[in-house]
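Okay, query-v5.txt now, which holds compact mmCIF, C-alpha atoms:
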```
# COMPACT_ATOMS: atom_id res chain seq x y z
CA MET U 161 0.00 0.00 0.00
CA SER U 162 1.54 3.26 -1.07
CA VAL U 163 0.37 6.81 -1.61
CA ASN U 164 1.78 8.79 -4.55
CA LEU U 165 2.48 12.35 -3.41
CA ASN U 166 4.34 13.37 -6.58
CA SER U 167 1.14 14.74 -8.10
CA PRO U 168 0.71 18.57 -8.10
CA GLY U 169 0.00 19.93 -4.64
CA HIS U 170 -3.01 21.91 -3.45
CA TYR U 171 -2.54 25.31 -1.86
CA LEU U 172 -4.61 27.51 0.43
CA HIS U 173 -4.57 31.29 -0.10
CA TRP U 174 -5.52 33.94 2.43
CA TRP U 175 -4.29 37.55 2.37
CA VAL U 176 -0.54 37.20 1.69
CA VAL U 177 -0.51 33.71 3.15
CA GLN U 178 -0.01 30.71 0.90
CA ILE U 179 0.30 27.31 2.47
CA SER U 180 0.18 23.85 1.00
CA VAL U 181 -2.49 21.47 2.24
CA ALA U 182 0.29 19.04 3.14
CA ASN U 183 2.00 21.62 5.38
CA ALA U 184 -1.35 22.57 6.92
CA VAL U 185 -2.02 18.91 7.75
CA VAL U 186 1.42 18.53 9.37
CA ILE U 187 0.90 21.70 11.43
CA ALA U 188 -2.56 20.50 12.49
CA VAL U 189 -1.10 17.15 13.58
CA MET U 190 1.64 18.94 15.57
CA LEU U 191 -0.92 21.15 17.32
CA THR U 192 -3.11 18.12 18.06
CA LEU U 193 -0.16 16.25 19.59
CA PHE U 194 0.70 19.34 21.65
CA VAL U 195 -2.83 19.59 23.02
CA LEU U 196 -2.94 15.84 23.73
CA ALA U 197 0.38 16.09 25.54
CA LEU U 198 -1.11 18.81 27.71
CA VAL U 199 -4.40 17.10 28.41
CA LEU U 200 -3.49 13.41 28.71
CA PRO U 201 -2.32 12.41 32.19
CA PHE U 202 1.33 11.58 32.90
CA PRO U 203 2.03 7.90 33.43
CA LYS U 204 2.48 7.50 37.19
CA GLY U 205 5.77 6.07 38.43
CA ARG U 206 6.20 4.44 41.78
CA SER U 207 7.24 6.90 44.43
CA HIS U 208 8.69 6.29 47.85
CA ARG U 209 10.50 8.11 50.53
CA MET V 147 17.05 1.95 36.99
CA THR V 148 17.68 5.06 38.95
CA THR V 149 15.74 7.16 41.33
CA VAL V 150 15.38 10.89 41.03
CA PRO V 151 14.20 13.45 43.54
CA LEU V 152 10.45 13.85 43.20
CA LEU V 153 9.91 17.55 43.07
CA ASP V 154 6.76 18.26 41.09
CA PRO V 155 6.95 20.13 38.88
CA PRO V 156 10.42 18.95 37.81
CA THR V 157 11.45 22.49 36.85
CA PRO V 158 11.02 24.51 40.06
CA VAL V 159 11.95 27.76 38.33
CA LEU V 160 8.41 27.86 36.98
CA LEU V 161 7.01 28.20 40.48
CA ALA V 162 6.23 31.55 41.96
CA PRO V 163 9.18 32.67 44.13
CA SER V 164 7.29 32.07 47.42
CA GLN V 165 6.20 28.58 46.28
CA HIS V 166 9.70 27.80 45.13
CA ARG V 167 11.23 28.62 48.53
CA THR V 168 8.57 26.66 50.39
CA ALA V 169 8.98 23.50 48.33
CA GLU V 170 12.75 23.51 48.51
CA ALA V 171 12.86 24.34 52.18
CA ALA V 172 10.58 21.43 52.94
CA ALA V 173 12.49 19.05 50.76
CA ARG V 174 16.05 19.70 51.89
CA ASP V 175 17.74 19.16 55.21
CA THR V 176 20.50 21.31 56.61
CA THR V 177 23.24 19.30 54.88
CA GLY V 178 21.83 20.04 51.45
CA ALA V 179 20.95 16.39 50.65
CA TRP V 180 17.51 15.72 49.15
CA ALA V 181 15.03 14.68 51.84
CA GLY V 182 11.85 14.67 49.79
CA ARG V 183 10.13 11.85 47.92
CA ASN V 184 11.89 9.94 45.15
CA ARG V 185 10.44 8.49 41.98
CA GLU V 186 11.92 5.59 40.02
CA TYR V 187 12.81 6.70 36.54
CA ASP V 188 14.35 4.46 33.88
CA LEU V 189 16.06 6.78 31.39
CA LEU V 190 17.44 3.91 29.29
CA LYS V 191 14.00 2.32 29.01
CA GLU V 192 12.47 5.60 27.89
CA PHE V 193 15.24 6.10 25.31
CA VAL V 194 14.80 2.61 23.86
CA ILE V 195 11.02 2.97 23.65
CA ALA V 196 11.33 6.35 21.91
CA LEU V 197 13.95 4.99 19.48
CA VAL V 198 11.86 1.95 18.57
CA VAL V 199 8.63 3.91 18.16
CA VAL V 200 10.23 6.63 16.03
CA SER V 201 12.11 4.07 13.90
CA LEU V 202 8.95 2.06 13.22
CA LEU V 203 7.02 5.23 12.47
CA ALA V 204 9.71 6.50 10.06
CA ALA V 205 9.91 3.14 8.26
CA ALA V 206 6.12 2.89 7.97
CA LEU V 207 5.72 6.46 6.69
CA ALA V 208 8.58 5.98 4.20
CA ALA V 209 6.97 2.77 2.91
CA VAL V 210 3.59 4.43 2.47
CA PHE V 211 4.54 7.90 1.22
CA SER V 212 8.04 7.38 -0.26
CA SER V 213 9.96 10.59 -1.04
CA PRO V 214 9.91 13.36 -3.68
CA ASP V 215 11.00 12.04 -7.07
CA VAL V 216 11.50 14.94 -9.48
CA HIS V 217 13.72 14.55 -12.53
CA GLN V 218 16.98 16.49 -12.38
CA VAL V 219 17.12 19.66 -14.47
CA THR V 220 20.29 19.66 -16.56
CA LEU V 221 21.63 21.80 -19.36
CA SER V 222 20.83 18.87 -21.63
CA SER V 223 17.19 18.54 -20.56
CA TRP V 224 16.73 22.33 -20.67
CA SER V 225 18.23 22.75 -24.15
CA ARG V 226 16.11 19.90 -25.50
CA SER V 227 12.88 21.07 -23.86
CA THR V 228 13.12 24.79 -24.65
CA PRO V 229 15.98 25.36 -27.12
CA ASN V 230 14.94 28.98 -27.82
CA ASP V 231 15.20 29.86 -24.12
CA PHE V 232 18.61 28.21 -23.99
CA VAL V 233 19.82 30.17 -27.02
CA ALA V 234 18.46 33.46 -25.65
CA THR V 235 20.22 32.80 -22.33
CA ALA V 236 23.48 31.84 -24.03
CA ALA V 237 23.37 35.15 -25.92
CA THR V 238 23.11 37.05 -22.61
CA GLU V 239 26.07 35.08 -21.24
CA LEU V 240 28.08 36.13 -24.26
CA ASP V 241 27.20 39.84 -24.12
CA GLY V 242 27.48 40.02 -20.32
CA THR V 243 23.87 40.89 -19.47
CA SER V 244 22.80 37.62 -17.82
CA GLY V 245 21.94 37.33 -14.15
CA THR V 246 25.26 35.64 -13.41
CA ALA V 247 27.29 38.18 -15.41
CA THR V 248 25.75 41.08 -13.45
CA TYR V 249 25.39 39.39 -10.04
CA GLY V 250 28.33 40.93 -8.24
CA ALA V 251 30.17 39.12 -5.45
CA PRO V 252 30.96 36.26 -5.11
CA TYR V 253 30.95 35.80 -8.92
CA THR V 254 31.72 39.15 -10.57
CA HIS V 255 33.04 42.60 -9.75
CA THR V 256 29.87 44.36 -10.99
CA PRO V 257 29.65 47.63 -9.02
CA GLY V 258 26.54 48.82 -7.20
CA VAL V 259 24.59 45.56 -7.13
CA ALA V 260 25.56 44.14 -3.74
CA GLN V 261 22.89 43.96 -1.03
CA LYS V 262 23.47 46.10 2.02
CA ILE V 263 22.40 46.42 5.63
CA GLY V 264 22.56 50.17 6.00
CA PRO V 265 26.06 51.15 4.86
CA VAL V 266 27.43 47.64 5.35
CA SER V 267 27.66 45.29 2.38
CA LEU V 268 28.37 41.78 3.62
CA GLN V 269 28.45 40.64 0.00
CA HIS V 270 31.42 42.94 -0.71
CA ILE V 271 33.20 42.07 2.50
CA ALA V 272 33.31 38.43 1.45
CA GLY V 273 34.62 39.48 -2.00
CA VAL V 274 34.66 37.67 -5.35
CA THR V 275 35.54 34.19 -4.12
CA HIS V 276 34.20 32.29 -7.15
CA PRO V 277 35.06 34.45 -10.18
CA ILE V 278 33.06 33.74 -13.32
CA ASP V 279 33.48 35.26 -16.77
CA SER V 280 30.17 34.16 -18.29
CA ALA V 281 31.29 34.52 -21.92
CA ALA V 282 34.55 32.65 -21.44
CA ASP V 283 33.39 30.07 -18.87
CA PHE V 284 29.92 29.26 -20.22
CA VAL V 285 30.43 29.63 -23.97
CA VAL V 286 33.97 29.98 -25.36
CA ARG V 287 35.83 27.45 -23.20
CA PRO V 288 33.29 24.61 -23.61
CA LEU V 289 33.24 25.21 -27.39
CA SER V 290 37.02 25.13 -27.62
CA GLY V 291 36.95 21.50 -26.52
CA ILE V 292 34.99 20.38 -29.61
CA PRO V 293 37.36 18.79 -32.17
CA GLY V 294 36.97 18.45 -35.94
CA ASP V 295 34.60 21.34 -36.63
CA SER V 296 36.29 23.75 -39.04
CA ALA V 297 33.42 26.29 -39.02
CA LEU V 298 33.50 26.41 -35.23
CA SER V 299 37.29 26.67 -35.18
CA ALA V 300 37.12 29.62 -37.58
CA ALA V 301 34.42 31.28 -35.47
CA LEU V 302 36.43 30.84 -32.28
CA ALA V 303 39.54 32.18 -33.99
CA GLN V 304 37.62 35.23 -35.18
CA TRP V 305 36.22 35.76 -31.66
CA GLY V 306 39.62 35.32 -30.05
CA SER V 307 41.40 37.77 -32.33
CA ALA V 308 38.71 40.48 -32.16
CA THR V 309 38.87 43.51 -29.89
CA PRO V 310 36.66 43.55 -26.76
CA GLN V 311 34.58 46.30 -28.40
CA ALA V 312 33.96 44.20 -31.51
CA ARG V 313 32.99 41.16 -29.42
CA GLN V 314 30.59 43.23 -27.37
CA SER V 315 29.07 44.74 -30.51
CA TRP V 316 28.50 41.34 -32.14
CA ALA V 317 27.09 39.76 -29.00
CA SER V 318 24.81 42.69 -28.09
CA SER V 319 23.50 43.00 -31.65
CA TYR V 320 22.72 39.29 -31.78
CA ASP V 321 21.08 39.35 -28.33
CA ASP V 322 18.89 42.31 -29.36
CA ALA V 323 17.94 40.68 -32.65
CA LEU V 324 17.12 37.43 -30.85
CA GLN V 325 14.83 39.26 -28.43
CA LYS V 326 12.94 40.75 -31.39
CA ALA V 327 12.70 37.49 -33.34
CA PRO V 328 9.35 35.63 -33.14
CA ASP V 329 9.48 33.19 -30.18
CA ASN V 330 13.17 34.12 -29.80
CA ASP V 331 13.73 31.63 -32.60
CA PRO V 332 17.36 31.87 -33.81
CA ALA V 333 16.20 30.72 -37.25
CA LYS V 334 14.08 33.89 -37.54
CA VAL V 335 16.73 36.40 -36.46
CA ALA V 336 17.02 39.37 -38.81
CA VAL V 337 20.14 39.68 -40.91
CA GLY V 338 22.81 41.72 -39.17
CA SER V 339 26.46 42.08 -38.27
CA TYR V 340 26.87 39.38 -35.64
CA GLY V 341 30.37 38.15 -36.49
CA PRO V 342 30.96 34.57 -35.31
CA VAL V 343 28.21 34.69 -32.66
CA PRO V 344 25.45 32.75 -34.53
CA VAL V 345 27.82 29.87 -35.25
CA MET V 346 29.08 29.79 -31.65
CA ILE V 347 25.56 29.83 -30.20
CA ALA V 348 24.34 27.13 -32.60
CA ARG V 349 27.26 24.86 -31.70
CA LEU V 350 26.72 25.51 -27.99
CA LEU V 351 23.08 24.45 -28.35
CA ALA V 352 24.14 21.25 -30.12
CA LEU V 353 26.75 20.58 -27.43
CA ALA V 354 24.21 21.11 -24.67
CA GLN V 355 21.63 18.83 -26.29
CA THR V 356 24.12 15.96 -26.37
CA GLY V 357 24.91 16.45 -22.67
CA GLY V 358 28.46 17.61 -23.40
CA LEU V 359 27.97 21.07 -21.90
CA ASP V 360 26.96 19.59 -18.52
CA GLY V 361 30.26 17.73 -18.43
CA ALA V 362 32.28 20.68 -19.73
CA LEU V 363 30.99 23.02 -17.01
CA LEU V 364 31.68 20.44 -14.31
CA LEU V 365 35.37 20.12 -15.22
CA GLN V 366 37.31 21.33 -12.21
CA GLY V 367 40.72 19.84 -12.83
CA SER V 368 40.42 17.28 -10.07
CA PHE V 369 39.32 13.66 -9.76
CA TYR V 370 35.96 14.46 -8.16
CA GLN V 371 33.66 16.77 -10.15
CA SER V 372 31.20 17.77 -7.46
CA ASP V 373 30.96 21.56 -7.86
CA TYR V 374 27.70 22.23 -9.71
CA THR V 375 27.92 26.01 -9.32
CA ARG V 376 28.56 26.82 -12.99
CA PRO V 377 25.92 24.61 -14.64
CA LEU V 378 23.41 25.66 -11.98
CA LEU V 379 24.10 29.36 -12.53
CA PHE V 380 23.77 28.95 -16.30
CA ILE V 381 20.47 27.09 -15.91
CA ALA V 382 19.16 29.65 -13.41
CA ASP V 383 19.87 32.48 -15.87
CA GLY V 384 17.19 31.10 -18.20
CA ALA V 385 13.43 31.07 -17.73
CA TYR V 386 13.10 27.27 -17.78
CA LEU V 387 14.17 26.56 -14.19
CA GLY V 388 12.21 29.52 -12.79
CA ASP V 389 9.06 28.41 -14.62
CA LYS V 390 9.38 24.88 -13.26
CA ALA V 391 9.93 26.22 -9.74
CA ALA V 392 6.89 28.51 -9.99
CA ALA V 393 4.77 25.59 -11.19
CA GLU V 394 5.75 23.73 -8.01
CA HIS V 395 5.13 26.78 -5.76
CA LEU V 396 8.84 26.98 -4.92
CA SER V 397 9.58 30.61 -5.80
CA GLY V 398 10.17 33.28 -3.19
CA GLU V 399 6.85 35.11 -3.61
CA GLN V 400 5.00 31.81 -3.24
CA TRP V 401 6.37 31.00 0.24
CA GLY V 402 8.54 28.54 -1.66
CA MET V 403 11.07 28.28 1.15
CA MET V 404 8.63 26.15 3.16
CA ASN V 405 7.24 24.13 0.24
CA GLU V 406 8.24 20.80 -1.27
CA THR V 407 7.65 19.46 -4.77
CA GLY V 408 4.38 17.66 -5.49
CA SER V 409 2.03 17.10 -2.57
CA PHE V 410 4.73 16.43 0.00
CA PRO V 411 4.85 18.54 3.16
CA GLY V 412 7.82 20.91 3.24
CA GLN V 413 9.79 22.94 5.74
CA ALA V 414 6.91 24.47 7.67
CA TRP V 415 9.29 25.68 10.38
CA LEU V 416 10.68 28.27 7.94
CA TRP V 417 7.33 30.10 7.92
CA LEU V 418 8.61 33.22 9.67
CA TYR V 419 11.69 33.47 7.45
CA THR V 420 9.64 33.33 4.24
CA PHE V 421 6.79 35.43 5.67
CA TRP V 422 8.93 38.58 5.61
CA TYR V 423 9.48 38.23 1.87
CA GLN V 424 5.72 38.54 1.32
CA VAL V 425 5.22 41.94 3.02
CA LYS V 426 6.59 45.43 2.49
CA PRO V 427 9.21 46.77 2.66
CA PHE V 428 10.91 43.43 2.06
CA SER V 429 8.71 42.35 -0.87
CA THR V 430 9.71 45.42 -2.88
CA SER V 431 13.29 45.86 -1.69
CA GLY V 432 16.40 44.95 -3.64
CA ASN V 433 18.04 44.34 -0.26
CA ALA V 434 15.41 41.84 0.88
CA ASP V 435 17.83 38.96 1.52
CA ALA V 436 20.15 41.08 3.66
CA LEU V 437 17.28 42.76 5.52
CA VAL V 438 15.42 39.53 6.26
CA MET V 439 18.63 37.86 7.42
CA ALA V 440 19.33 40.79 9.76
CA LEU V 441 15.76 40.83 11.08
CA MET V 442 15.77 37.10 11.76
CA GLY V 443 19.12 37.49 13.49
CA VAL V 444 17.66 40.12 15.80
CA LEU V 445 14.55 38.00 16.48
CA SER V 446 16.68 34.91 17.16
CA LEU V 447 18.80 36.93 19.58
CA GLY V 448 15.59 38.03 21.28
CA LEU V 449 14.50 34.39 21.60
CA ILE V 450 17.80 33.50 23.25
CA CYS V 451 17.43 36.45 25.62
CA VAL V 452 13.81 35.73 26.62
CA PRO V 453 14.74 35.15 30.31
CA PHE V 454 16.21 38.67 30.43
CA LEU V 455 13.48 40.58 28.60
CA PRO V 456 11.00 42.25 30.99
CA GLY V 457 7.44 41.51 29.98
CA VAL V 458 8.33 38.73 27.56
CA ARG V 459 9.75 36.63 30.41
CA SER V 460 6.45 37.01 32.28
CA ILE V 461 4.38 35.39 29.53
CA PRO V 462 4.27 32.02 31.43
CA ARG V 463 2.54 33.85 34.30
CA TRP V 464 -0.06 35.28 31.94
CA ILE V 465 -0.50 32.04 29.98
CA PRO V 466 0.17 29.39 32.65
CA VAL V 467 0.50 26.32 30.46
CA HIS V 468 2.85 24.81 33.05
CA ARG V 469 -0.03 24.77 35.56
CA LEU V 470 -1.96 22.60 33.12
CA ILE V 471 0.99 20.24 32.65
CA TRP V 472 1.64 19.87 36.41
CA ARG V 473 -1.99 20.28 37.42
CA ASP V 474 -1.77 17.48 40.03
CA TYR V 475 0.94 19.33 41.87
CA TYR V 476 -0.88 22.64 41.82
CA ARG V 477 -4.13 20.95 42.86
CA ASN V 478 -2.43 19.27 45.84
CA ALA V 479 -0.45 22.39 46.67
CA GLY V 480 -3.69 24.36 46.72
CA THR V 481 -2.28 27.18 44.65
```

Serialized structure, structure tokens:
Amino acid sequence: MSVNLNSPGHYLHWWVVQISVANAVVIAVMLTLFVLALVLPFPKGRSHR
Amino acid sequence: MTTVPLLDPPTPVLLAPSQHRTAEAAARDTTGAWAGRNREYDLLKEFVIALVVVSLLAAALAAVFSSPDVHQVTLSSWSRSTPNDFVATAATELDGTSGTATYGAPYTHTPGVAQKIGPVSLQHIAGVTHPIDSAADFVVRPLSGIPGDSALSAALAQWGSATPQARQSWASSYDDALQKAPDNDPAKVAVGSYGPVPVMIARLLALAQTGGLDGALLLQGSFYQSDYTRPLLFIADGAYLGDKAAAEHLSGEQWGMMNETGSFPGQAWLWLYTFWYQVKPFSTSGNADALVMALMGVLSLGLICVPFLPGVRSIPRWIPVHRLIWRDYYRNAGT
């Protein structure tokens, strides 16, 4: 199973901003991981005195 | 396996000063040894897990998405795809009006073209470290390596024995005539006094189409021929490479710095660098590269100095993300 990404890219335009859909997806994934890292609880280690 | 002092949050500097003193005072005895709780923490285990997960992820993504696969642009492919553009560019190399011939340092001594930051021209300070004579390096020298062509030999002899003024007159006249010819077609150039230039340009096109010019411009007099500066500069002087780059959204005014060919994601982290090129005064300045580099240098210095910048260093107090990360601690601490 492979995905061919050599086809022409799609771009989003707003004001002076141009961003490829691929870059937008990567940024969205990074932001999602950041939020998950904030929200998900830390794994608890054993603690002792 | 090792144990580490359990001081939540693990970076006490993020605590308010009063909280910081309270936590440390409670956790340390008079000898300075840690007296608080300890948590078992296996650094090696965490490293191995991260390595395995990232390796598997990289292998899986590479298998599914592969990598960009764009054919190399060479002088040969260019001259075969758009021969008229190649010929028009070669004419500018010969009469000294091409982008490379008028670039300034590090390639030529062209005055008044170097980018500046105020009165300082970093381009001039570095000097002409890679001198290029576009007529000699891109046209005459490669042609002189072609054996057994009497017409070419006669043309090169005529060029070599002519005065600089005569050469310039021939080359400029031919370049002008080529610009006026329909589709810049050398076959439709008006009759004129071009000296040996038409023969030289025609032979250079033939040499390029066979791939010989790529090899000739890579000759560096050493075993390894790895300096692609000359063929790349020649190709960049034409419209072919720029048109291909624009079609892939790779040019400067298209945020090309953060794009990749095709539908692949690119270098999104360069967004701020390329952003400046889209807005004034940078988008209309001939000094844009120098100005953007200087601005990013100042901003990077500011990032390094965040702990010392009043106001900026207080942002974590205004946006307390650390309280969300170590929410258990702050909940138990009642703060």

key: Spatial sel., origin (30.4, 43.5, -1.4), limit 9 Å, only C-alpha atoms, listed as a list in words   = Gly250, Ala251, Pro252, His255, Pro257, Gly258, Val259, Ala260, Gln261, Lys262, Val266, Ser267, Leu268, Gln269, His270, Ile271, Ala272, Gly273 and Val274 of chain V

key: At most 8 Å to chain V: residues in chain U, all atoms listed in the file, as a VMD selection string   = chain U and resid 161 to 170 176 to 183 186 to 187 198 to 199 205 to 209

query = Expressed in Å to a single decimal, how great is the separation between CA of Pro332 (chain V) and CA of Val233 (chain V)?
reply =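 Straight-line distance from CA of Pro332 (chain V) to CA of Val233 (chain V) works out to 7.4 Å.
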
request  = Could you please determine the separation between CA of Gly398 (chain V) and CA of Met442 (chain V) in Å, to one decimal place?
outcome  =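 It comes out at 16.4 Å.
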
request  = One decimal, Å: what's the distance from CA of Ser431 (chain V) over to CA of Gly264 (chain V), could you say?
outcome  =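 Distance between the two atoms: 12.8 Å.
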
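Within a radius of 6 Å around (18.1, 30.1, -21.2), the polymer residues are Asp231, Phe232, Ala234, Thr235, Gly384 and Ala385 of chain V, counting all atoms listed in the file.
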
ask   = Taking all atoms listed in the file into account, which of V:His217, V:Arg349, V:Arg376, V:Lys191 comes nearest Gly291 (chain V)?
value = V:Arg349
